[in-house]
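Data block below; observations after.
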Amino acid sequence: MADLDDIKDGKDFGLDKPQVNPTFDIKGCGALDWGMQSRLSQVFHPKTGKTVMLAFDHGYFQGATTGLERIDLNIKPLFEHTDVLMATRGAVRSMVPANTNKPVVLRCSGANSILTELENETVAVGIEDAIRLNVSAMAAQVYIGSKFEHQSINNIIKLIDDGTRYGIPTMAVTGVGKEMARDQRYFTLATRIAAEIGSHFVKTYFVEKGFEKVAAGCPVPIVIAGGKKLPELEALDMCYRAIDQGAAGVDMGRNIFQSEDPIAMIKAVREVVHNNMSAQHAHELFLSIKNS
């Protein structure tokens with residue numbers, strides 16, 4: 001307990017300096033509570049406002065796909081080079097060491113597989129378990145335009161409402177059905193709906209024409225999905241153009257862990273995202289690391 005003897009009056013009140021407590025300034029988060037902003041600052045680097053997320057949650061519907069057969073062998077070496085881990089609770093508990101000290105965006109939708117309709121998902125993780133895992137954000141698919149649209153929006157709304165109660169942000173992931181067009185008009189619609197219902201950031205696909213409109217029309221940060229495996233230079237070029245046109249980061253999986261050299265690739269992606277390195281220079285860096 002503080003001693004009552006020798007109490008001295010305060011003197012340095014900084015009367016000539018107004019009090020300043022700046023918010024974490026990323027798109028759309030200025031009115032959020034302190035806990036939300038704190039967790040978003042774990043996802044988006046405070047100095048750049050950007051993020052490199054390593055996605056290895058594919059097993060929740062694909063099983064042991066190429067590159068994810070052994071997360072402990074193939075993915076764990078990448079942890080130190082990423083900003084964020086995007087994973088399922090099963091993978092986190094069984095294969096991510098607790099002392100990894102990387103923020104987790106937790107896959108919270110599921111109950112589907114590649115053998116059935118991918119759009120038919122439900123909320124697969126309760127808020128209490130997300131809290132137990134100390135996650136920085138939760139994520140679920142939203143399938144705008146599919147026959148499961150209403151169900152998937154309800155899934156996102158539940159995560160948003162539960163997460164808001166405890167200061168945990170939600171990332172909506174714009175899923176695309178087999179018959180849906182992957183164009184600027186669709187993704188502008190899907191990302192805006194996701195933001196309007198309360199998602200704190202949105203994962204979507206890069207499109208060749210009009211992506212700057214997708215990014216501008218979404219009032220919260222957008223991170224792009226890596227999508228299918230591309231040659232390294234093409235994947236880096238996609239990253240560069242997405243960031244240049246307004247994306248706040250990437251959430252890459254196959255284009256990193258299926259690369260010829262995953263560590264070299266994630267290092268090159270980081271340079272593009274955080275330091276605005278050109279795709280060509282980033283590819284040269286990739287080759288230099290790969291061949292060293």
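Letters for chains follow the order of the structure tokens (A, B, ...), residue numbers begin at 1 for each chain, and ligand numbers begin at 1 in the order shown.
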
Practice problem: Might you pull out every residue within 12 Å of stretch 208-210 of chain A, with only C-alpha atoms counted and same-chain residues fewer than 5 positions away left off, and present them as a PyMOL selection string? | Solution: chain A and resi 182-188+215-217+237-239+241-242+245-246

Stretch 146-157 of chain A: which residues within 10 Å, counting only C-alpha atoms, same-chain residues fewer than 5 positions away excluded, as a short mmCIF file (atom, residue, chain, number, x, y, z; two decimals) with all heavy atoms, in the first residue's frame?
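To be explicit, this is the file written out as result39.cif:
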```cif
data_model
loop_
_atom_site.label_atom_id
_atom_site.label_comp_id
_atom_site.auth_asym_id
_atom_site.auth_seq_id
_atom_site.Cartn_x
_atom_site.Cartn_y
_atom_site.Cartn_z
N CYS A 108 -14.15 -19.41 -38.49
CA CYS A 108 -15.29 -19.73 -37.62
C CYS A 108 -16.50 -20.25 -38.38
O CYS A 108 -17.56 -20.43 -37.78
CB CYS A 108 -15.68 -18.51 -36.80
SG CYS A 108 -14.46 -18.05 -35.55
N SER A 109 -16.38 -20.48 -39.67
CA SER A 109 -17.49 -21.09 -40.41
C SER A 109 -17.04 -22.48 -40.87
O SER A 109 -15.85 -22.76 -40.98
CB SER A 109 -17.89 -20.23 -41.62
OG SER A 109 -16.80 -20.02 -42.51
N GLU A 117 -22.14 -29.00 -51.24
CA GLU A 117 -22.25 -27.61 -51.64
C GLU A 117 -21.44 -26.73 -50.70
O GLU A 117 -21.74 -26.62 -49.51
CB GLU A 117 -23.72 -27.17 -51.63
CG GLU A 117 -24.57 -27.89 -52.66
CD GLU A 117 -26.03 -27.46 -52.60
OE1 GLU A 117 -26.73 -27.93 -51.71
OE2 GLU A 117 -26.43 -26.65 -53.47
N LEU A 118 -20.41 -26.05 -51.23
CA LEU A 118 -19.52 -25.27 -50.40
C LEU A 118 -20.22 -24.11 -49.70
O LEU A 118 -19.81 -23.68 -48.62
CB LEU A 118 -18.36 -24.73 -51.25
CG LEU A 118 -17.38 -25.76 -51.81
CD1 LEU A 118 -16.29 -25.06 -52.61
CD2 LEU A 118 -16.78 -26.60 -50.70
N GLU A 119 -21.29 -23.59 -50.33
CA GLU A 119 -21.97 -22.42 -49.76
C GLU A 119 -22.79 -22.75 -48.52
O GLU A 119 -23.19 -21.85 -47.79
CB GLU A 119 -22.89 -21.78 -50.81
CG GLU A 119 -22.17 -21.29 -52.06
CD GLU A 119 -22.19 -22.32 -53.18
OE1 GLU A 119 -22.25 -23.53 -52.88
OE2 GLU A 119 -22.15 -21.90 -54.35
N ASN A 120 -23.03 -24.03 -48.27
CA ASN A 120 -23.91 -24.44 -47.18
C ASN A 120 -23.12 -24.54 -45.88
O ASN A 120 -22.77 -25.62 -45.41
CB ASN A 120 -24.57 -25.78 -47.52
CG ASN A 120 -25.66 -26.14 -46.53
OD1 ASN A 120 -26.08 -25.33 -45.71
ND2 ASN A 120 -26.14 -27.38 -46.62
N GLU A 121 -22.84 -23.38 -45.27
CA GLU A 121 -22.03 -23.32 -44.06
C GLU A 121 -22.85 -22.86 -42.86
O GLU A 121 -23.93 -22.29 -43.01
CB GLU A 121 -20.85 -22.35 -44.24
CG GLU A 121 -19.78 -22.83 -45.19
CD GLU A 121 -18.52 -21.99 -45.09
OE1 GLU A 121 -18.59 -20.84 -44.61
OE2 GLU A 121 -17.46 -22.48 -45.52
N THR A 122 -22.28 -23.08 -41.69
CA THR A 122 -22.86 -22.58 -40.46
C THR A 122 -21.75 -22.02 -39.59
O THR A 122 -20.56 -22.19 -39.90
CB THR A 122 -23.61 -23.70 -39.70
OG1 THR A 122 -24.34 -23.13 -38.61
CG2 THR A 122 -22.63 -24.73 -39.16
N VAL A 123 -22.10 -21.33 -38.52
CA VAL A 123 -21.10 -20.89 -37.55
C VAL A 123 -20.58 -22.13 -36.83
O VAL A 123 -21.34 -22.89 -36.23
CB VAL A 123 -21.69 -19.88 -36.54
CG1 VAL A 123 -20.66 -19.57 -35.44
CG2 VAL A 123 -22.11 -18.61 -37.25
N ALA A 124 -19.27 -22.34 -36.88
CA ALA A 124 -18.68 -23.58 -36.38
C ALA A 124 -17.85 -23.40 -35.12
O ALA A 124 -17.29 -24.37 -34.61
CB ALA A 124 -17.80 -24.22 -37.47
N MET A 138 -12.23 -12.97 -35.96
CA MET A 138 -12.94 -14.16 -36.42
C MET A 138 -13.30 -13.98 -37.88
O MET A 138 -13.45 -12.85 -38.35
CB MET A 138 -14.19 -14.40 -35.58
CG MET A 138 -13.91 -14.57 -34.10
SD MET A 138 -15.43 -14.82 -33.11
CE MET A 138 -16.21 -13.20 -33.26
N ALA A 139 -13.48 -15.08 -38.60
CA ALA A 139 -13.76 -15.00 -40.03
C ALA A 139 -14.77 -16.04 -40.46
O ALA A 139 -14.81 -17.16 -39.92
CB ALA A 139 -12.48 -15.17 -40.85
N ALA A 140 -15.59 -15.67 -41.43
CA ALA A 140 -16.56 -16.61 -42.03
C ALA A 140 -16.85 -16.17 -43.45
O ALA A 140 -16.72 -14.99 -43.80
CB ALA A 140 -17.84 -16.66 -41.20
N GLN A 141 -17.28 -17.14 -44.25
CA GLN A 141 -17.65 -16.85 -45.64
C GLN A 141 -19.00 -16.14 -45.70
O GLN A 141 -19.88 -16.39 -44.85
CB GLN A 141 -17.77 -18.14 -46.44
CG GLN A 141 -16.54 -19.01 -46.48
CD GLN A 141 -15.41 -18.43 -47.28
OE1 GLN A 141 -14.31 -18.28 -46.76
NE2 GLN A 141 -15.67 -18.10 -48.52
N ASP A 162 -21.64 -11.27 -31.52
CA ASP A 162 -20.93 -11.91 -30.41
C ASP A 162 -19.56 -11.26 -30.20
O ASP A 162 -19.13 -11.02 -29.07
CB ASP A 162 -20.76 -13.40 -30.66
CG ASP A 162 -22.07 -14.17 -30.54
OD1 ASP A 162 -23.05 -13.59 -30.03
OD2 ASP A 162 -22.12 -15.35 -30.96
N GLY A 163 -18.86 -10.99 -31.31
CA GLY A 163 -17.54 -10.40 -31.21
C GLY A 163 -17.57 -9.00 -30.65
O GLY A 163 -16.70 -8.61 -29.85
N THR A 170 -14.54 -8.96 -36.74
CA THR A 170 -14.95 -10.02 -37.66
C THR A 170 -14.52 -9.67 -39.08
O THR A 170 -14.72 -8.54 -39.54
CB THR A 170 -16.47 -10.22 -37.63
OG1 THR A 170 -16.87 -10.67 -36.33
CG2 THR A 170 -16.92 -11.24 -38.67
N MET A 171 -13.94 -10.64 -39.77
CA MET A 171 -13.61 -10.51 -41.18
C MET A 171 -14.58 -11.34 -42.00
O MET A 171 -14.70 -12.56 -41.79
CB MET A 171 -12.18 -10.98 -41.47
CG MET A 171 -11.80 -10.88 -42.95
SD MET A 171 -10.10 -11.41 -43.32
CE MET A 171 -10.27 -13.20 -43.29
N ALA A 172 -15.28 -10.70 -42.93
CA ALA A 172 -16.13 -11.42 -43.87
C ALA A 172 -15.30 -11.84 -45.07
O ALA A 172 -14.47 -11.06 -45.56
CB ALA A 172 -17.29 -10.55 -44.32
N VAL A 173 -15.50 -13.05 -45.54
CA VAL A 173 -14.78 -13.58 -46.69
C VAL A 173 -15.78 -13.80 -47.81
O VAL A 173 -16.71 -14.59 -47.67
CB VAL A 173 -14.08 -14.92 -46.34
CG1 VAL A 173 -13.27 -15.42 -47.53
CG2 VAL A 173 -13.20 -14.77 -45.11
N GLY A 175 -17.17 -15.44 -50.50
CA GLY A 175 -17.11 -16.67 -51.26
C GLY A 175 -17.81 -16.52 -52.59
O GLY A 175 -18.74 -15.73 -52.75
N VAL A 176 -17.35 -17.27 -53.56
CA VAL A 176 -17.92 -17.19 -54.91
C VAL A 176 -18.34 -18.59 -55.35
O VAL A 176 -17.50 -19.50 -55.40
CB VAL A 176 -16.91 -16.61 -55.92
CG1 VAL A 176 -17.52 -16.55 -57.30
CG2 VAL A 176 -16.46 -15.22 -55.49
N GLY A 177 -19.60 -18.77 -55.64
CA GLY A 177 -20.09 -20.05 -56.14
C GLY A 177 -19.64 -20.31 -57.57
O GLY A 177 -19.16 -19.41 -58.27
N LYS A 178 -19.82 -21.54 -58.00
CA LYS A 178 -19.35 -21.94 -59.32
C LYS A 178 -20.00 -21.14 -60.45
O LYS A 178 -19.40 -20.91 -61.49
CB LYS A 178 -19.60 -23.43 -59.53
CG LYS A 178 -18.78 -24.32 -58.60
CD LYS A 178 -19.09 -25.79 -58.83
CE LYS A 178 -18.30 -26.68 -57.91
NZ LYS A 178 -18.60 -28.11 -58.09
N GLU A 179 -21.24 -20.70 -60.25
CA GLU A 179 -21.97 -20.04 -61.32
C GLU A 179 -21.91 -18.51 -61.23
O GLU A 179 -22.51 -17.83 -62.03
CB GLU A 179 -23.44 -20.48 -61.30
CG GLU A 179 -23.65 -21.99 -61.35
CD GLU A 179 -23.00 -22.63 -62.56
OE1 GLU A 179 -23.05 -22.02 -63.65
OE2 GLU A 179 -22.43 -23.73 -62.41
N MET A 180 -21.20 -17.98 -60.24
CA MET A 180 -21.18 -16.52 -60.04
C MET A 180 -20.05 -15.87 -60.83
O MET A 180 -18.97 -16.43 -60.98
CB MET A 180 -21.02 -16.20 -58.56
CG MET A 180 -22.14 -16.73 -57.69
SD MET A 180 -21.87 -16.29 -55.96
CE MET A 180 -22.98 -17.43 -55.16
N ILE A 193 -21.92 -5.03 -48.94
CA ILE A 193 -22.90 -5.67 -48.06
C ILE A 193 -22.22 -6.16 -46.79
O ILE A 193 -22.72 -5.96 -45.68
CB ILE A 193 -23.61 -6.83 -48.79
CG1 ILE A 193 -24.56 -6.27 -49.87
CG2 ILE A 193 -24.39 -7.70 -47.81
CD1 ILE A 193 -25.19 -7.34 -50.74
N ALA A 194 -21.05 -6.78 -46.95
CA ALA A 194 -20.33 -7.29 -45.79
C ALA A 194 -19.99 -6.17 -44.81
O ALA A 194 -20.12 -6.33 -43.59
CB ALA A 194 -19.05 -8.00 -46.23
N ILE A 197 -23.23 -4.66 -42.95
CA ILE A 197 -23.80 -5.43 -41.85
C ILE A 197 -22.89 -5.43 -40.62
O ILE A 197 -23.26 -5.97 -39.58
CB ILE A 197 -24.14 -6.89 -42.26
CG1 ILE A 197 -22.88 -7.64 -42.68
CG2 ILE A 197 -25.20 -6.91 -43.34
CD1 ILE A 197 -23.14 -9.11 -43.02
N GLY A 198 -21.70 -4.82 -40.76
CA GLY A 198 -20.86 -4.63 -39.59
C GLY A 198 -19.50 -5.29 -39.59
O GLY A 198 -18.78 -5.21 -38.60
N SER A 199 -19.12 -5.95 -40.68
CA SER A 199 -17.79 -6.57 -40.74
C SER A 199 -16.72 -5.50 -40.59
O SER A 199 -16.84 -4.40 -41.13
CB SER A 199 -17.60 -7.31 -42.07
OG SER A 199 -18.58 -8.30 -42.23
#
```

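Among the candidates A:Ile266, A:Ile289, A:Cys218, A:Ile256, the one nearest to A:Pro231 when counting only C-alpha atoms is A:Ile256.
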
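You will find atom CA of A:Ser259 at 16.7 Å from atom CA of A:Gln280.
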
Exercise. Identify all residues of stretch 49-104 of chain A in alpha helix (DSSP H) (DSSP on the backbone) and supply them as number ranges by chain.
Key: A: 59-62, 71-74, 89-95

Could you dump the residues just selected with N, CA, C and O atoms as a compact mmCIF listing (two decimals), in the first residue's frame?
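Ended up saving to part.txt:
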```
# COMPACT_ATOMS: atom_id res chain seq x y z
N GLY A 59 -7.96 -26.82 -44.94
CA GLY A 59 -8.32 -28.18 -44.55
C GLY A 59 -9.72 -28.33 -44.00
O GLY A 59 -10.26 -29.44 -43.96
N TYR A 60 -10.36 -27.22 -43.60
CA TYR A 60 -11.70 -27.33 -43.03
C TYR A 60 -12.72 -27.81 -44.06
O TYR A 60 -13.78 -28.31 -43.69
N PHE A 61 -12.40 -27.67 -45.34
CA PHE A 61 -13.30 -28.25 -46.35
C PHE A 61 -12.55 -29.05 -47.42
O PHE A 61 -13.15 -29.86 -48.13
N GLN A 62 -11.21 -28.86 -47.53
CA GLN A 62 -10.43 -29.56 -48.56
C GLN A 62 -9.66 -30.76 -48.03
O GLN A 62 -9.16 -31.57 -48.81
N ILE A 71 1.29 -29.52 -41.44
CA ILE A 71 1.42 -28.11 -41.07
C ILE A 71 2.66 -27.90 -40.22
O ILE A 71 3.35 -26.87 -40.35
N ASP A 72 2.98 -28.85 -39.36
CA ASP A 72 4.15 -28.69 -38.50
C ASP A 72 5.45 -28.65 -39.30
O ASP A 72 6.42 -28.01 -38.90
N LEU A 73 5.48 -29.33 -40.45
CA LEU A 73 6.68 -29.35 -41.28
C LEU A 73 6.68 -28.28 -42.36
O LEU A 73 7.72 -27.65 -42.62
N ASN A 74 5.54 -28.06 -43.00
CA ASN A 74 5.49 -27.18 -44.17
C ASN A 74 5.12 -25.74 -43.86
O ASN A 74 5.56 -24.81 -44.55
N ARG A 89 -9.52 -23.65 -35.50
CA ARG A 89 -9.17 -23.89 -34.09
C ARG A 89 -8.47 -25.23 -33.91
O ARG A 89 -7.61 -25.38 -33.03
N GLY A 90 -8.83 -26.22 -34.75
CA GLY A 90 -8.16 -27.51 -34.64
C GLY A 90 -6.69 -27.42 -34.98
O GLY A 90 -5.84 -28.00 -34.29
N ALA A 91 -6.36 -26.67 -36.05
CA ALA A 91 -4.96 -26.50 -36.43
C ALA A 91 -4.21 -25.69 -35.39
O ALA A 91 -3.06 -26.00 -35.06
N VAL A 92 -4.84 -24.63 -34.87
CA VAL A 92 -4.18 -23.80 -33.88
C VAL A 92 -3.81 -24.62 -32.66
O VAL A 92 -2.67 -24.59 -32.17
N ARG A 93 -4.76 -25.40 -32.15
CA ARG A 93 -4.51 -26.15 -30.92
C ARG A 93 -3.52 -27.30 -31.13
O ARG A 93 -2.72 -27.61 -30.23
N SER A 94 -3.54 -27.92 -32.27
CA SER A 94 -2.74 -29.13 -32.46
C SER A 94 -1.38 -28.88 -33.10
O SER A 94 -0.46 -29.69 -32.93
N MET A 95 -1.23 -27.74 -33.81
CA MET A 95 0.01 -27.58 -34.59
C MET A 95 0.64 -26.20 -34.53
O MET A 95 1.67 -25.97 -35.16
```

Polymer residues at most 7 Å from A:Asp57, only C-alpha atoms, same-chain spacing of 5 or more positions, as an mmCIF file with N, CA and C atoms, in the first residue's frame:
```cif
data_model
loop_
_atom_site.group_PDB
_atom_site.id
_atom_site.type_symbol
_atom_site.label_atom_id
_atom_site.label_comp_id
_atom_site.auth_asym_id
_atom_site.auth_seq_id
_atom_site.Cartn_x
_atom_site.Cartn_y
_atom_site.Cartn_z
ATOM 1 N N MET A 86 -3.986 -17.290 -40.386
ATOM 2 C CA MET A 86 -5.403 -17.542 -40.674
ATOM 3 C C MET A 86 -5.605 -19.049 -40.623
ATOM 4 N N ALA A 87 -6.285 -19.526 -39.572
ATOM 5 C CA ALA A 87 -6.325 -20.959 -39.333
ATOM 6 C C ALA A 87 -7.610 -21.367 -38.626
ATOM 7 N N THR A 88 -7.841 -22.675 -38.577
ATOM 8 C CA THR A 88 -8.964 -23.237 -37.819
ATOM 9 C C THR A 88 -8.533 -23.480 -36.382
ATOM 10 N N ARG A 107 -10.770 -19.087 -38.404
ATOM 11 C CA ARG A 107 -11.855 -19.565 -39.266
ATOM 12 C C ARG A 107 -12.997 -20.061 -38.378
#
```

Quiz item: If we count only C-alpha atoms, what is near stretch 271-275 of chain A at a cut-off of 12 Å, once residues fewer than 2 positions away on the same chain are taken out, given as a count of residues only?
Solution: 50

Quiz item: Hey, which of A:Asp33, A:Asp16, A:Asp25, A:Glu234 ends up closest to A:Thr164? Count only C-alpha atoms.
Solution: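 Residue with the minimum atom-to-atom distance to A:Thr164: A:Asp33.
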
Quiz item: Between A:Val20, A:Val220, A:Ile144, A:Ile168, which has the minimum distance to A:Gln37 (counting only C-alpha atoms)?
Solution: A:Ile168

Exercise. Compare A:Val84, A:Phe24, A:Thr100, A:Pro221 by their minimum atom-to-atom distance to A:Val43, counting only C-alpha atoms, and give me the closest one.
Key: A:Val84

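If you measure from each of A:Val104, A:Leu15, A:Leu54, A:Leu287 to A:Leu40 using only C-alpha atoms, the closest one turns out to be A:Val104.
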
Quiz item: For A:Val96, which of A:His200, A:Ile75, A:Lys158, A:Thr174 is the closest residue, counting only C-alpha atoms?
Solution: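 So, comparing all the options, the nearest one is A:Ile75.
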
Residues of stretch 178-260 of chain A in strand (DSSP E), written as a PDB file with all heavy atoms, in the first residue's frame:
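This went into out15.pdb:
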```
ATOM      1  N   PHE A 201     -13.378  -5.905 -41.407  1.00  0.00           N
ATOM      2  CA  PHE A 201     -12.566  -5.921 -42.627  1.00  0.00           C
ATOM      3  C   PHE A 201     -13.046  -7.080 -43.479  1.00  0.00           C
ATOM      4  O   PHE A 201     -13.782  -7.954 -43.003  1.00  0.00           O
ATOM      5  CB  PHE A 201     -11.059  -5.960 -42.354  1.00  0.00           C
ATOM      6  CG  PHE A 201     -10.540  -7.104 -41.519  1.00  0.00           C
ATOM      7  CD1 PHE A 201      -9.660  -8.031 -42.049  1.00  0.00           C
ATOM      8  CD2 PHE A 201     -10.858  -7.218 -40.165  1.00  0.00           C
ATOM      9  CE1 PHE A 201      -9.139  -9.064 -41.279  1.00  0.00           C
ATOM     10  CE2 PHE A 201     -10.342  -8.242 -39.383  1.00  0.00           C
ATOM     11  CZ  PHE A 201      -9.483  -9.170 -39.936  1.00  0.00           C
ATOM     12  N   VAL A 202     -12.686  -7.045 -44.759  1.00  0.00           N
ATOM     13  CA  VAL A 202     -13.261  -7.977 -45.727  1.00  0.00           C
ATOM     14  C   VAL A 202     -12.155  -8.584 -46.581  1.00  0.00           C
ATOM     15  O   VAL A 202     -11.250  -7.888 -47.041  1.00  0.00           O
ATOM     16  CB  VAL A 202     -14.279  -7.267 -46.646  1.00  0.00           C
ATOM     17  CG1 VAL A 202     -14.891  -8.261 -47.643  1.00  0.00           C
ATOM     18  CG2 VAL A 202     -15.373  -6.596 -45.832  1.00  0.00           C
ATOM     19  N   LYS A 203     -12.249  -9.878 -46.762  1.00  0.00           N
ATOM     20  CA  LYS A 203     -11.348 -10.578 -47.674  1.00  0.00           C
ATOM     21  C   LYS A 203     -12.092 -10.851 -48.970  1.00  0.00           C
ATOM     22  O   LYS A 203     -13.207 -11.387 -48.958  1.00  0.00           O
ATOM     23  CB  LYS A 203     -10.882 -11.897 -47.046  1.00  0.00           C
ATOM     24  CG  LYS A 203     -10.019 -12.764 -47.964  1.00  0.00           C
ATOM     25  CD  LYS A 203      -9.595 -14.040 -47.247  1.00  0.00           C
ATOM     26  CE  LYS A 203      -8.834 -14.987 -48.154  1.00  0.00           C
ATOM     27  NZ  LYS A 203      -8.388 -16.214 -47.444  1.00  0.00           N
ATOM     28  N   THR A 204     -11.477 -10.474 -50.082  1.00  0.00           N
ATOM     29  CA  THR A 204     -12.131 -10.666 -51.370  1.00  0.00           C
ATOM     30  C   THR A 204     -11.085 -10.936 -52.438  1.00  0.00           C
ATOM     31  O   THR A 204      -9.891 -11.012 -52.155  1.00  0.00           O
ATOM     32  CB  THR A 204     -12.993  -9.445 -51.735  1.00  0.00           C
ATOM     33  OG1 THR A 204     -13.880  -9.800 -52.813  1.00  0.00           O
ATOM     34  CG2 THR A 204     -12.152  -8.256 -52.157  1.00  0.00           C
ATOM     35  N   ILE A 222      -9.860  -3.830 -47.056  1.00  0.00           N
ATOM     36  CA  ILE A 222      -9.963  -5.036 -47.878  1.00  0.00           C
ATOM     37  C   ILE A 222      -8.602  -5.709 -47.932  1.00  0.00           C
ATOM     38  O   ILE A 222      -7.579  -5.056 -48.138  1.00  0.00           O
ATOM     39  CB  ILE A 222     -10.434  -4.694 -49.300  1.00  0.00           C
ATOM     40  CG1 ILE A 222     -11.949  -4.466 -49.321  1.00  0.00           C
ATOM     41  CG2 ILE A 222     -10.061  -5.795 -50.284  1.00  0.00           C
ATOM     42  CD1 ILE A 222     -12.501  -4.119 -50.687  1.00  0.00           C
ATOM     43  N   VAL A 223      -8.580  -7.025 -47.718  1.00  0.00           N
ATOM     44  CA  VAL A 223      -7.398  -7.829 -48.001  1.00  0.00           C
ATOM     45  C   VAL A 223      -7.768  -8.790 -49.121  1.00  0.00           C
ATOM     46  O   VAL A 223      -8.891  -9.273 -49.186  1.00  0.00           O
ATOM     47  CB  VAL A 223      -6.905  -8.594 -46.750  1.00  0.00           C
ATOM     48  CG1 VAL A 223      -6.454  -7.626 -45.668  1.00  0.00           C
ATOM     49  CG2 VAL A 223      -7.972  -9.523 -46.203  1.00  0.00           C
ATOM     50  N   ILE A 224      -6.821  -9.024 -50.002  1.00  0.00           N
ATOM     51  CA  ILE A 224      -7.151  -9.876 -51.142  1.00  0.00           C
ATOM     52  C   ILE A 224      -6.766 -11.324 -50.865  1.00  0.00           C
ATOM     53  O   ILE A 224      -5.784 -11.606 -50.179  1.00  0.00           O
ATOM     54  CB  ILE A 224      -6.490  -9.405 -52.455  1.00  0.00           C
ATOM     55  CG1 ILE A 224      -4.964  -9.514 -52.388  1.00  0.00           C
ATOM     56  CG2 ILE A 224      -6.947  -8.016 -52.813  1.00  0.00           C
ATOM     57  CD1 ILE A 224      -4.316  -9.579 -53.760  1.00  0.00           C
ATOM     58  N   ALA A 225      -7.560 -12.216 -51.421  1.00  0.00           N
ATOM     59  CA  ALA A 225      -7.261 -13.642 -51.375  1.00  0.00           C
ATOM     60  C   ALA A 225      -6.213 -13.962 -52.423  1.00  0.00           C
ATOM     61  O   ALA A 225      -6.198 -13.367 -53.505  1.00  0.00           O
ATOM     62  CB  ALA A 225      -8.527 -14.446 -51.637  1.00  0.00           C
ATOM     63  N   GLY A 249      -3.904  -5.222 -47.725  1.00  0.00           N
ATOM     64  CA  GLY A 249      -3.074  -6.388 -47.467  1.00  0.00           C
ATOM     65  C   GLY A 249      -3.496  -7.587 -48.282  1.00  0.00           C
ATOM     66  O   GLY A 249      -4.362  -7.502 -49.159  1.00  0.00           O
ATOM     67  N   VAL A 250      -2.863  -8.714 -47.965  1.00  0.00           N
ATOM     68  CA  VAL A 250      -3.144  -9.965 -48.666  1.00  0.00           C
ATOM     69  C   VAL A 250      -3.345 -11.072 -47.631  1.00  0.00           C
ATOM     70  O   VAL A 250      -2.788 -11.020 -46.531  1.00  0.00           O
ATOM     71  CB  VAL A 250      -2.007 -10.349 -49.638  1.00  0.00           C
ATOM     72  CG1 VAL A 250      -1.790  -9.259 -50.668  1.00  0.00           C
ATOM     73  CG2 VAL A 250      -0.708 -10.633 -48.891  1.00  0.00           C
ATOM     74  N   ASP A 251      -4.139 -12.039 -47.990  1.00  0.00           N
ATOM     75  CA  ASP A 251      -4.305 -13.255 -47.187  1.00  0.00           C
ATOM     76  C   ASP A 251      -3.993 -14.411 -48.115  1.00  0.00           C
ATOM     77  O   ASP A 251      -4.868 -14.923 -48.809  1.00  0.00           O
ATOM     78  CB  ASP A 251      -5.723 -13.340 -46.628  1.00  0.00           C
ATOM     79  CG  ASP A 251      -5.895 -14.494 -45.644  1.00  0.00           C
ATOM     80  OD1 ASP A 251      -4.868 -15.040 -45.200  1.00  0.00           O
ATOM     81  OD2 ASP A 251      -7.036 -14.843 -45.318  1.00  0.00           O
ATOM     82  N   MET A 252      -2.743 -14.821 -48.156  1.00  0.00           N
ATOM     83  CA  MET A 252      -2.272 -15.781 -49.152  1.00  0.00           C
ATOM     84  C   MET A 252      -2.023 -17.139 -48.535  1.00  0.00           C
ATOM     85  O   MET A 252      -1.508 -17.246 -47.420  1.00  0.00           O
ATOM     86  CB  MET A 252      -0.983 -15.292 -49.813  1.00  0.00           C
ATOM     87  CG  MET A 252      -1.204 -14.318 -50.943  1.00  0.00           C
ATOM     88  SD  MET A 252       0.296 -14.154 -51.936  1.00  0.00           S
ATOM     89  CE  MET A 252      -0.402 -13.421 -53.406  1.00  0.00           C
TER      90      MET A 252
END
```
